[in-house]
$ cat coords_38.txt   # compact mmCIF, C-alpha atoms and all ligand atoms
# COMPACT_ATOMS: atom_id res chain seq x y z
CA MET P 26 26.82 59.15 124.42
CA LYS P 27 27.59 61.59 127.22
CA ILE P 28 31.17 62.84 127.37
CA LEU P 29 32.59 64.75 130.34
CA ALA P 30 35.70 66.67 129.27
CA ILE P 31 38.30 68.39 131.44
CA GLU P 32 40.69 71.13 130.32
CA SER P 33 43.36 72.28 132.79
CA SER P 34 46.54 72.83 130.75
CA CYS P 35 47.21 76.42 131.80
CA ASP P 36 45.31 78.81 134.08
CA GLU P 37 41.74 77.69 133.35
CA PHE P 38 40.11 74.70 135.02
CA ALA P 39 37.18 73.87 132.77
CA ILE P 40 34.60 71.10 132.44
CA ALA P 41 32.14 70.60 129.61
CA ILE P 42 29.55 67.87 129.14
CA MET P 43 28.43 66.92 125.65
CA ASP P 44 25.55 64.59 124.78
CA ASP P 45 25.72 63.11 121.26
CA GLY P 46 27.53 66.21 120.02
CA LYS P 47 25.20 68.63 121.80
CA LEU P 48 26.84 70.80 124.43
CA LEU P 49 25.05 70.62 127.80
CA CYS P 50 27.41 72.91 129.71
CA ASN P 51 30.77 74.65 129.40
CA VAL P 52 31.94 75.72 132.86
CA ILE P 53 35.23 77.64 133.09
CA SER P 54 37.05 78.85 136.19
CA SER P 55 39.57 81.46 135.16
CA GLN P 56 42.48 82.61 137.31
CA ILE P 57 43.31 85.79 135.41
CA ASP P 58 42.77 88.02 138.46
CA GLN P 59 45.15 85.98 140.62
CA HIS P 60 47.93 85.92 138.00
CA LYS P 61 47.51 89.56 137.00
CA GLU P 62 49.59 90.87 139.88
CA TYR P 63 52.58 88.82 138.68
CA GLY P 64 52.19 89.95 135.06
CA GLY P 65 51.77 86.37 133.77
CA VAL P 66 50.84 82.83 134.73
CA VAL P 67 52.71 81.45 137.77
CA PRO P 68 52.71 77.65 137.21
CA GLU P 69 52.78 76.65 140.88
CA LEU P 70 49.87 78.98 141.69
CA ALA P 71 47.90 77.72 138.67
CA ALA P 72 48.12 74.10 139.86
CA ARG P 73 47.14 75.01 143.43
CA LEU P 74 44.13 77.02 142.24
CA HIS P 75 43.04 74.15 139.94
CA LEU P 76 42.94 71.96 143.03
CA GLN P 77 40.67 74.47 144.77
CA ASN P 78 38.41 75.01 141.76
CA SER P 79 37.99 71.45 140.49
CA GLY P 80 35.28 70.56 143.03
CA TRP P 81 32.88 73.40 142.38
CA VAL P 82 33.45 73.33 138.61
CA LEU P 83 32.44 69.64 138.53
CA ARG P 84 29.36 70.22 140.72
CA GLU P 85 28.35 73.22 138.61
CA ALA P 86 28.82 71.27 135.35
CA LEU P 87 26.58 68.39 136.54
CA GLU P 88 24.00 70.82 137.87
CA GLN P 89 23.82 72.86 134.67
CA SER P 90 23.58 69.67 132.58
CA LYS P 91 20.91 68.24 134.90
CA ILE P 92 22.57 64.82 134.99
CA ASN P 93 24.12 62.53 137.59
CA ILE P 94 27.76 61.60 137.40
CA GLU P 95 26.75 57.94 136.79
CA ASP P 96 25.12 59.00 133.49
CA ILE P 97 28.51 59.88 131.97
CA ASP P 98 29.74 57.35 129.35
CA MET P 99 33.28 58.59 128.83
CA VAL P 100 35.78 60.94 130.49
CA ALA P 101 38.16 62.97 128.28
CA TYR P 102 40.94 65.26 129.46
CA THR P 103 43.81 67.35 128.11
CA ALA P 104 46.93 65.22 128.53
CA LYS P 105 49.41 67.55 126.73
CA PRO P 106 50.85 70.08 126.02
CA GLY P 107 50.74 72.49 128.94
CA LEU P 108 52.08 73.32 132.39
CA ILE P 109 52.91 70.02 134.06
CA GLY P 110 51.39 70.87 137.47
CA SER P 111 48.20 72.12 135.82
CA LEU P 112 47.91 69.06 133.57
CA ILE P 113 48.38 66.65 136.49
CA ILE P 114 45.42 68.08 138.41
CA GLY P 115 43.14 67.63 135.37
CA LYS P 116 44.43 64.11 134.84
CA VAL P 117 43.89 63.09 138.47
CA VAL P 118 40.34 64.51 138.49
CA ALA P 119 39.55 62.74 135.20
CA GLU P 120 41.04 59.44 136.41
CA THR P 121 39.13 59.64 139.68
CA ILE P 122 35.79 60.21 137.93
CA ALA P 123 36.45 57.47 135.33
CA MET P 124 37.43 55.01 138.05
CA TYR P 125 34.40 55.90 140.19
CA ILE P 126 31.89 55.38 137.39
CA ASN P 127 33.94 52.61 135.73
CA LYS P 128 33.96 54.24 132.30
CA PRO P 129 36.72 54.78 129.69
CA LEU P 130 39.28 57.53 130.09
CA VAL P 131 40.48 59.37 126.96
CA PRO P 132 43.70 61.48 127.04
CA LEU P 133 43.67 64.18 124.36
CA ASP P 134 45.89 66.83 122.79
CA HIS P 135 45.16 70.46 123.71
CA ILE P 136 46.00 71.88 120.27
CA GLU P 137 43.84 69.31 118.45
CA GLY P 138 41.17 70.43 120.93
CA HIS P 139 41.61 74.10 120.01
CA ILE P 140 41.08 73.19 116.33
CA TYR P 141 37.85 71.31 117.13
CA GLY P 142 36.60 74.33 119.08
CA ALA P 143 35.77 75.71 115.64
CA ALA P 144 33.69 72.59 114.85
CA ILE P 145 31.31 72.89 117.83
CA ASP P 146 28.78 75.01 115.95
CA HIS P 147 29.93 74.26 112.40
CA ASN P 148 30.71 71.21 110.25
CA PHE P 149 34.22 70.41 109.10
CA GLU P 150 34.62 69.23 105.51
CA TYR P 151 38.01 67.55 105.10
CA PRO P 152 40.76 68.42 104.46
CA VAL P 153 40.72 71.29 106.93
CA LEU P 154 43.46 73.91 106.95
CA ALA P 155 43.71 75.24 110.50
CA MET P 156 45.77 78.23 111.60
CA VAL P 157 46.61 77.70 115.28
CA VAL P 158 47.37 80.97 117.06
CA SER P 159 47.58 80.66 120.85
CA GLY P 160 49.61 81.50 123.92
CA GLY P 161 52.15 78.78 123.22
CA HIS P 162 51.70 77.87 119.54
CA THR P 163 51.72 79.38 116.06
CA GLN P 164 51.29 76.63 113.51
CA ILE P 165 49.53 75.62 110.33
CA GLU P 166 47.90 72.20 110.41
CA ILE P 167 46.23 70.09 107.75
CA VAL P 168 43.51 67.94 109.31
CA ASN P 169 42.42 64.97 107.18
CA SER P 170 40.22 63.40 109.87
CA PRO P 171 39.86 63.66 113.66
CA MET P 172 42.65 61.04 113.82
CA ASP P 173 44.99 62.62 111.27
CA PHE P 174 46.71 65.95 111.96
CA LYS P 175 49.74 67.13 109.99
CA ILE P 176 51.76 70.18 111.09
CA ILE P 177 53.16 71.90 107.97
CA GLY P 178 54.72 74.85 109.79
CA ALA P 179 55.34 76.05 113.34
CA THR P 180 57.03 78.80 115.28
CA GLU P 181 60.78 78.56 115.70
CA ASP P 182 60.76 80.63 118.89
CA ASP P 183 58.00 82.68 120.55
CA ALA P 184 54.33 82.04 119.85
CA ILE P 185 52.14 84.90 118.63
CA GLY P 186 50.09 85.06 121.87
CA GLU P 187 53.23 85.12 123.97
CA CYS P 188 54.55 87.96 121.77
CA TYR P 189 51.30 89.93 122.26
CA ASP P 190 51.48 89.46 126.03
CA LYS P 191 55.19 90.41 126.35
CA VAL P 192 54.79 93.54 124.21
CA ALA P 193 51.68 94.48 126.19
CA ARG P 194 53.57 94.15 129.46
CA VAL P 195 56.28 96.58 128.27
CA MET P 196 53.49 98.93 127.12
CA GLY P 197 52.26 98.91 130.73
CA LEU P 198 49.12 96.87 130.03
CA GLU P 199 47.72 94.20 132.35
CA TYR P 200 47.93 90.44 131.78
CA PRO P 201 46.71 89.04 129.42
CA GLY P 202 47.66 91.87 127.11
CA GLY P 203 46.49 90.35 123.81
CA PRO P 204 42.87 91.53 124.07
CA LEU P 205 44.02 94.99 125.27
CA ILE P 206 46.37 95.49 122.31
CA ASP P 207 43.50 94.45 120.03
CA LYS P 208 41.28 97.09 121.64
CA LEU P 209 43.87 99.89 121.44
CA ALA P 210 44.60 99.00 117.82
CA GLN P 211 40.99 99.72 116.80
CA THR P 212 41.64 103.47 116.86
CA GLY P 213 45.35 103.41 116.00
CA ASN P 214 47.25 104.13 112.79
CA PRO P 215 48.94 100.88 111.64
CA GLU P 216 51.36 102.80 109.38
CA ARG P 217 52.76 104.99 112.17
CA TYR P 218 55.59 102.74 113.38
CA LYS P 219 57.72 100.57 111.11
CA LEU P 220 58.11 97.07 112.52
CA PRO P 221 59.68 93.99 110.88
CA LEU P 222 57.83 91.21 109.09
CA ALA P 223 59.49 88.17 110.62
CA LYS P 224 60.54 85.12 108.63
CA ASN P 225 59.13 86.20 105.31
CA ASP P 226 60.59 83.17 103.50
CA ASP P 227 59.19 80.25 101.52
CA SER P 228 58.70 77.94 104.53
CA TYR P 229 55.47 77.69 106.55
CA ASP P 230 57.34 78.35 109.79
CA PHE P 231 57.03 81.44 111.95
CA SER P 232 59.27 83.47 114.25
CA TYR P 233 57.98 86.11 116.63
CA SER P 234 61.03 86.85 118.78
CA GLY P 235 62.32 89.45 116.28
CA LEU P 236 59.04 91.38 116.19
CA LYS P 237 58.85 91.20 119.99
CA THR P 238 62.38 92.57 120.43
CA ALA P 239 61.93 95.27 117.77
CA THR P 240 58.71 96.51 119.40
CA ILE P 241 60.19 96.50 122.90
CA ASN P 242 63.32 98.30 121.65
CA LEU P 243 61.17 100.94 119.99
CA ILE P 244 59.42 101.61 123.32
CA HIS P 245 62.70 101.73 125.30
CA ASN P 246 64.41 104.01 122.75
CA ALA P 247 61.51 106.43 122.85
CA GLU P 248 61.59 106.40 126.66
CA GLN P 249 65.32 107.17 126.66
CA LYS P 250 64.83 110.09 124.29
CA GLY P 251 61.88 111.30 126.33
CA GLU P 252 59.55 110.87 123.36
CA GLU P 253 55.88 110.03 123.83
CA ILE P 254 54.69 106.77 122.21
CA ASN P 255 51.15 106.74 120.91
CA LYS P 256 49.85 103.46 122.37
CA ASN P 257 47.00 103.13 119.90
CA ASP P 258 49.32 103.61 116.91
CA LEU P 259 51.90 101.23 118.34
CA ALA P 260 49.26 98.57 119.03
CA ALA P 261 47.91 98.92 115.47
CA SER P 262 51.40 98.83 113.91
CA PHE P 263 52.39 95.78 115.97
CA GLN P 264 49.16 93.95 115.18
CA LYS P 265 49.55 94.65 111.47
CA SER P 266 53.06 93.10 111.39
CA ALA P 267 52.07 90.16 113.59
CA ILE P 268 49.17 89.15 111.36
CA GLU P 269 50.47 90.21 107.92
CA ILE P 270 53.00 87.35 107.88
CA ILE P 271 50.22 84.86 108.70
CA LYS P 272 48.23 86.17 105.75
CA ILE P 273 51.22 85.78 103.40
CA LYS P 274 51.93 82.19 104.51
CA LEU P 275 48.29 81.11 104.55
CA ASN P 276 47.78 82.43 101.02
CA ARG P 277 50.48 80.06 99.84
CA ALA P 278 49.37 77.11 102.01
CA ILE P 279 45.81 77.38 100.67
CA GLU P 280 47.11 77.34 97.08
CA GLN P 281 49.20 74.25 97.81
CA TYR P 282 46.77 72.19 99.93
CA ARG P 283 43.40 73.30 98.50
CA PRO P 284 41.44 72.76 101.76
CA LYS P 285 37.65 72.35 101.83
CA THR P 286 37.54 74.11 105.21
CA LEU P 287 39.59 77.05 106.40
CA THR P 288 39.64 77.81 110.10
CA VAL P 289 41.55 79.47 112.89
CA ALA P 290 41.98 78.25 116.48
CA GLY P 291 43.48 79.15 119.86
CA GLY P 292 43.32 82.27 122.03
CA VAL P 293 44.50 84.72 119.36
CA SER P 294 41.65 83.62 117.08
CA ALA P 295 39.58 85.98 119.28
CA ASN P 296 41.58 88.84 117.72
CA SER P 297 39.54 91.12 115.47
CA LEU P 298 42.18 91.52 112.73
CA MET P 299 42.94 87.79 112.79
CA ARG P 300 39.24 86.98 112.30
CA LYS P 301 38.90 89.55 109.52
CA THR P 302 42.03 88.20 107.78
CA ILE P 303 40.75 84.59 107.82
CA LEU P 304 37.35 85.63 106.46
CA GLU P 305 39.03 87.62 103.67
CA LEU P 306 41.34 84.71 102.79
CA GLY P 307 38.36 82.36 102.63
CA LYS P 308 36.58 84.77 100.31
CA ASP P 309 39.63 85.38 98.09
CA HIS P 310 40.16 81.64 97.63
CA ASN P 311 36.46 80.86 97.38
CA ILE P 312 36.46 78.47 100.36
CA LYS P 313 32.78 78.31 101.25
CA ASN P 314 33.44 76.58 104.55
CA THR P 315 35.49 79.29 106.24
CA ILE P 316 34.94 79.07 109.99
CA ILE P 317 35.64 81.61 112.68
CA PRO P 318 35.08 79.97 116.09
CA GLU P 319 32.64 81.50 118.58
CA MET P 320 34.47 83.80 121.00
CA SER P 321 33.81 81.48 123.96
CA TYR P 322 35.59 78.60 122.19
CA CYS P 323 38.75 80.57 121.30
CA THR P 324 40.63 80.60 124.63
CA ASP P 325 40.92 77.48 126.79
CA ASN P 326 37.65 75.66 127.48
CA GLY P 327 36.30 72.15 128.04
CA ALA P 328 33.84 72.21 125.15
CA MET P 329 36.60 71.93 122.56
CA ILE P 330 38.01 68.83 124.31
CA ALA P 331 34.52 67.28 124.48
CA LYS P 332 33.99 67.96 120.76
CA LEU P 333 37.39 66.47 119.83
CA CYS P 334 36.58 63.34 121.87
CA TYR P 335 33.13 63.05 120.25
CA GLU P 336 34.49 63.41 116.70
CA LYS P 337 37.26 60.85 117.34
CA GLU P 338 34.70 58.38 118.74
CA MET P 339 32.33 58.87 115.79
CA PHE P 340 35.16 58.42 113.31
CA GLN P 341 36.50 55.28 114.97
CA ASN P 342 33.04 53.71 115.30
CA LYS P 343 32.24 54.41 111.64
CA ASN P 344 35.48 52.78 110.52
CA LYS P 345 34.94 49.78 112.83
CA ILE P 346 31.54 49.00 111.26
CA ARG P 347 33.01 49.10 107.73
P1 LIG Q 401 48.41 76.94 124.18
O1 LIG Q 401 47.01 76.79 123.72
O2 LIG Q 401 49.37 77.20 123.07
O3 LIG Q 401 48.85 75.85 125.09
P2 LIG Q 401 47.35 78.84 126.07
O4 LIG Q 401 46.35 77.76 126.30
O5 LIG Q 401 48.01 79.50 127.21
O6 LIG Q 401 48.47 78.29 125.08
P3 LIG Q 401 45.17 80.20 124.83
O7 LIG Q 401 44.28 80.14 126.01
O8 LIG Q 401 44.83 79.37 123.68
O9 LIG Q 401 46.71 79.96 125.21
O10 LIG Q 401 45.28 81.70 124.39
C1 LIG Q 401 45.68 82.71 125.28
C2 LIG Q 401 46.37 83.76 124.45
O11 LIG Q 401 45.42 84.40 123.59
C3 LIG Q 401 47.01 84.86 125.28
O12 LIG Q 401 48.31 85.07 124.80
C4 LIG Q 401 46.10 86.07 125.00
O13 LIG Q 401 46.77 87.31 125.07
C5 LIG Q 401 45.67 85.77 123.58
N1 LIG Q 401 44.46 86.51 123.17
C6 LIG Q 401 43.19 86.38 123.65
N2 LIG Q 401 42.36 87.28 123.06
C7 LIG Q 401 43.13 87.99 122.17
C8 LIG Q 401 42.89 89.05 121.25
N3 LIG Q 401 41.67 89.58 121.10
N4 LIG Q 401 43.93 89.52 120.53
C9 LIG Q 401 45.16 88.99 120.66
N5 LIG Q 401 45.45 88.01 121.51
C10 LIG Q 401 44.47 87.50 122.25
MG MG Q 402 44.58 81.00 129.75
FE FE Q 403 45.22 76.92 124.77
$ encode --input "coords_38.txt" --output "structure tokens" --more "lines below"
Ligand code: ATP
Ligand code: MG
Ligand code: FE
Amino acid sequence: MKILAIESSCDEFAIAIMDDGKLLCNVISSQIDQHKEYGGVVPELAARLHLQNSGWVLREALEQSKINIEDIDMVAYTAKPGLIGSLIIGKVVAETIAMYINKPLVPLDHIEGHIYGAAIDHNFEYPVLAMVVSGGHTQIEIVNSPMDFKIIGATEDDAIGECYDKVARVMGLEYPGGPLIDKLAQTGNPERYKLPLAKNDDSYDFSYSGLKTATINLIHNAEQKGEEINKNDLAASFQKSAIEIIKIKLNRAIEQYRPKTLTVAGGVSANSLMRKTILELGKDHNIKNTIIPEMSYCTDNGAMIAKLCYEKEMFQNKNKIR
């Protein structure tokens, strides 16, 4: 079964083709350079660029996979959540291909896709406890099957990735600032600046607006007093607070839900401290199947949507036969 999957929810237009679970290609057109000058993603520009990029991304995907479009058995695409203009372009391209080859069209959820990005090169044993850390989401999910996702906690305001990017902007770093803060933090002292640990309560919910405001205020106060901020130390202190609360909540969630697989998903799963924290948690709780996704499957890509589609199909077919 050959699945062609389209991801276009934000500023990447991506197509992957998967054949019986094996990835044939994972083509991604990124718009980072175009959005950089505005300091963040401009929705209208993202949709217009998707329109320009969709043609060559599709041609490139078929070429790399060495197949004809008629060989595709199913077309999957990200239906939600995301920027509406960006999503519509992906949907129209997917619908056009499905109609042309007369094959089924499968609308999928972007966040479920992020979680299955971790399953591309690894096997999930259920239940899976997945920490979703991305540009728009911070949530803990229990996955019982590819058809059964339960959110046990989510952010009440800003997402962790958004918080990274906003803080980075005030620090004078380019968009997207998350990877740059991560880099600066490598040689910084995490104890140098005292920043709050947001929403340290007994829920599984998160809140990042307080940490964002506290960090930005710290920078502005220093500027007003004419004091020099050490960027490496600030990055390390910020990163420590941002991830410490995830560690605290995951420790408790693992105790309560006893997952067979522990994983992390979304753009911020590319973060070095985040990856280290998940691996340590897996070790502490003796979860043999602790999965850190490959770097190329952390931020938005088509492969994760293809994998989600494949796993849903396999699961549904298995249950039909029984
Ligand atoms: P969502 O998936 O919630 O709809 P999105 O698709 O815009 O949002 P992703 O592509 O999943 O977000 O992730 C992008 C985010 O990941 C950005 O906020 C970026 O700064 C962050 N990010 C990427 N690499 C790192 C890193 N090494 N450290 C911290 N943050 C990172
Ligand atoms: Mg992006
Ligand atoms: Fe995403």
$ residues_near_ligand --input "coords_38.txt" --ligand "ligand MG 402 (chain Q)" --cutoff "7 Å" --atoms "only C-alpha atoms and all ligand atoms" --output "list of chain:residue names"
P:Cys35, P:Asp36, P:Glu37, P:Thr324, P:Asp325
$ residues_near_ligand --input "coords_38.txt" --ligand "ligand LIG 401 (chain Q)" --cutoff "7 Å" --atoms "only C-alpha atoms and all ligand atoms" --output "PyMOL selection string"
chain P and resi 34-35+106-107+135-136+159-162+186-187+189-190+201-204+206-207+291-297+323-325
$ atom_distance --input "coords_38.txt" --atom1 "CA of His147 in chain P" --atom2 "CA of Glu85 in chain P"
26.3 Å
$ closest_residue --input "coords_38.txt" --among "P:Glu62, P:Glu216, P:Asp309, P:Glu137" --to "ligand FE 403 (chain Q)" --atoms "all atoms listed in the file"
P:Glu137
$ closest_residue --input "coords_38.txt" --among "P:Leu243, P:Val52, P:Ile176, P:Lys313" --to "Trp81 in chain P" --atoms "only C-alpha atoms"
P:Val52
$ atom_distance --input "coords_38.txt" --atom1 "CA of Asp227 in chain P" --atom2 "CA of Gln264 in chain P"
21.8 Å
$ closest_residue --input "coords_38.txt" --among "P:Ala155, P:Ile244, P:Ile312, P:Cys188" --to "Ala290 in chain P" --atoms "only C-alpha atoms"
P:Ala155
$ closest_atom_pairs --input "coords_38.txt" --of "range 26-80 of chain P" --to "range 117-131 of chain P" --cutoff "9 Å" --atoms "all atoms listed in the file" --output "CSV"
residue,atom,partner,partner_atom,distance
P:Leu29,CA,P:Ala119,CA,8.7
P:Ala30,CA,P:Ala119,CA,8.1
P:Ile31,CA,P:Ala119,CA,6.9
P:Ser79,CA,P:Val118,CA,7.6
$ closest_residue --input "coords_38.txt" --among "P:Ile28, P:Leu259, P:Ile268, P:Ile114" --to "Asp96 in chain P" --atoms "only C-alpha atoms"
P:Ile28
$ atom_distance --input "coords_38.txt" --atom1 "CA of Asn148 in chain P" --atom2 "CA of Gly327 in chain P"
18.7 Å
$ residues_around --input "coords_38.txt" --residues "Asn242 in chain P" --least-positions-apart "4" --cutoff "12 Å" --atoms "all atoms listed in the file" --output "ChimeraX atom specification"
/P:192,195-196,220,235-238,246-249
$ closest_residue --input "coords_38.txt" --among "P:Thr163, P:Ser170, P:Leu154, P:Leu222" --to "Gln281 in chain P" --atoms "all atoms listed in the file"
P:Leu154
$ decode --input "coords_38.txt" --residues "range 300-316 of chain P" --atoms "N, CA and C atoms" --output "mmCIF file, in the first residue's frame"
data_model
loop_
_atom_site.group_PDB
_atom_site.id
_atom_site.type_symbol
_atom_site.label_atom_id
_atom_site.label_comp_id
_atom_site.auth_asym_id
_atom_site.auth_seq_id
_atom_site.Cartn_x
_atom_site.Cartn_y
_atom_site.Cartn_z
ATOM 1 N N ARG P 300 15.343 16.143 25.119
ATOM 2 C CA ARG P 300 15.678 14.764 24.743
ATOM 3 C C ARG P 300 16.352 14.042 25.906
ATOM 4 N N LYS P 301 17.276 14.765 26.548
ATOM 5 C CA LYS P 301 18.011 14.185 27.686
ATOM 6 C C LYS P 301 17.033 13.865 28.827
ATOM 7 N N THR P 302 16.097 14.793 29.067
ATOM 8 C CA THR P 302 15.127 14.623 30.157
ATOM 9 C C THR P 302 14.255 13.394 29.916
ATOM 10 N N ILE P 303 13.785 13.211 28.683
ATOM 11 C CA ILE P 303 12.926 12.058 28.364
ATOM 12 C C ILE P 303 13.706 10.751 28.550
ATOM 13 N N LEU P 304 14.941 10.736 28.066
ATOM 14 C CA LEU P 304 15.761 9.522 28.207
ATOM 15 C C LEU P 304 15.989 9.185 29.685
ATOM 16 N N GLU P 305 16.241 10.214 30.493
ATOM 17 C CA GLU P 305 16.451 10.000 31.933
ATOM 18 C C GLU P 305 15.178 9.489 32.611
ATOM 19 N N LEU P 306 14.037 10.069 32.232
ATOM 20 C CA LEU P 306 12.761 9.632 32.816
ATOM 21 C C LEU P 306 12.502 8.166 32.477
ATOM 22 N N GLY P 307 12.765 7.802 31.223
ATOM 23 C CA GLY P 307 12.569 6.426 30.786
ATOM 24 C C GLY P 307 13.440 5.478 31.603
ATOM 25 N N LYS P 308 14.652 5.898 31.849
ATOM 26 C CA LYS P 308 15.599 5.079 32.616
ATOM 27 C C LYS P 308 15.150 4.967 34.083
ATOM 28 N N ASP P 309 14.801 6.115 34.670
ATOM 29 C CA ASP P 309 14.365 6.139 36.076
ATOM 30 C C ASP P 309 13.166 5.237 36.313
ATOM 31 N N HIS P 310 12.250 5.199 35.335
ATOM 32 C CA HIS P 310 11.013 4.422 35.509
ATOM 33 C C HIS P 310 11.108 3.062 34.827
ATOM 34 N N ASN P 311 12.284 2.743 34.340
ATOM 35 C CA ASN P 311 12.526 1.443 33.711
ATOM 36 C C ASN P 311 11.573 1.165 32.534
ATOM 37 N N ILE P 312 11.362 2.177 31.704
ATOM 38 C CA ILE P 312 10.530 1.994 30.504
ATOM 39 C C ILE P 312 11.492 1.679 29.356
ATOM 40 N N LYS P 313 11.534 0.389 28.982
ATOM 41 C CA LYS P 313 12.520 -0.023 27.973
ATOM 42 C C LYS P 313 12.286 0.674 26.643
ATOM 43 N N ASN P 314 11.006 0.836 26.300
ATOM 44 C CA ASN P 314 10.684 1.470 25.024
ATOM 45 C C ASN P 314 10.552 2.996 25.200
ATOM 46 N N THR P 315 11.664 3.637 25.402
ATOM 47 C CA THR P 315 11.675 5.104 25.484
ATOM 48 C C THR P 315 12.220 5.609 24.154
ATOM 49 N N ILE P 316 11.399 6.387 23.449
ATOM 50 C CA ILE P 316 11.754 6.770 22.074
ATOM 51 C C ILE P 316 11.938 8.272 21.909
#
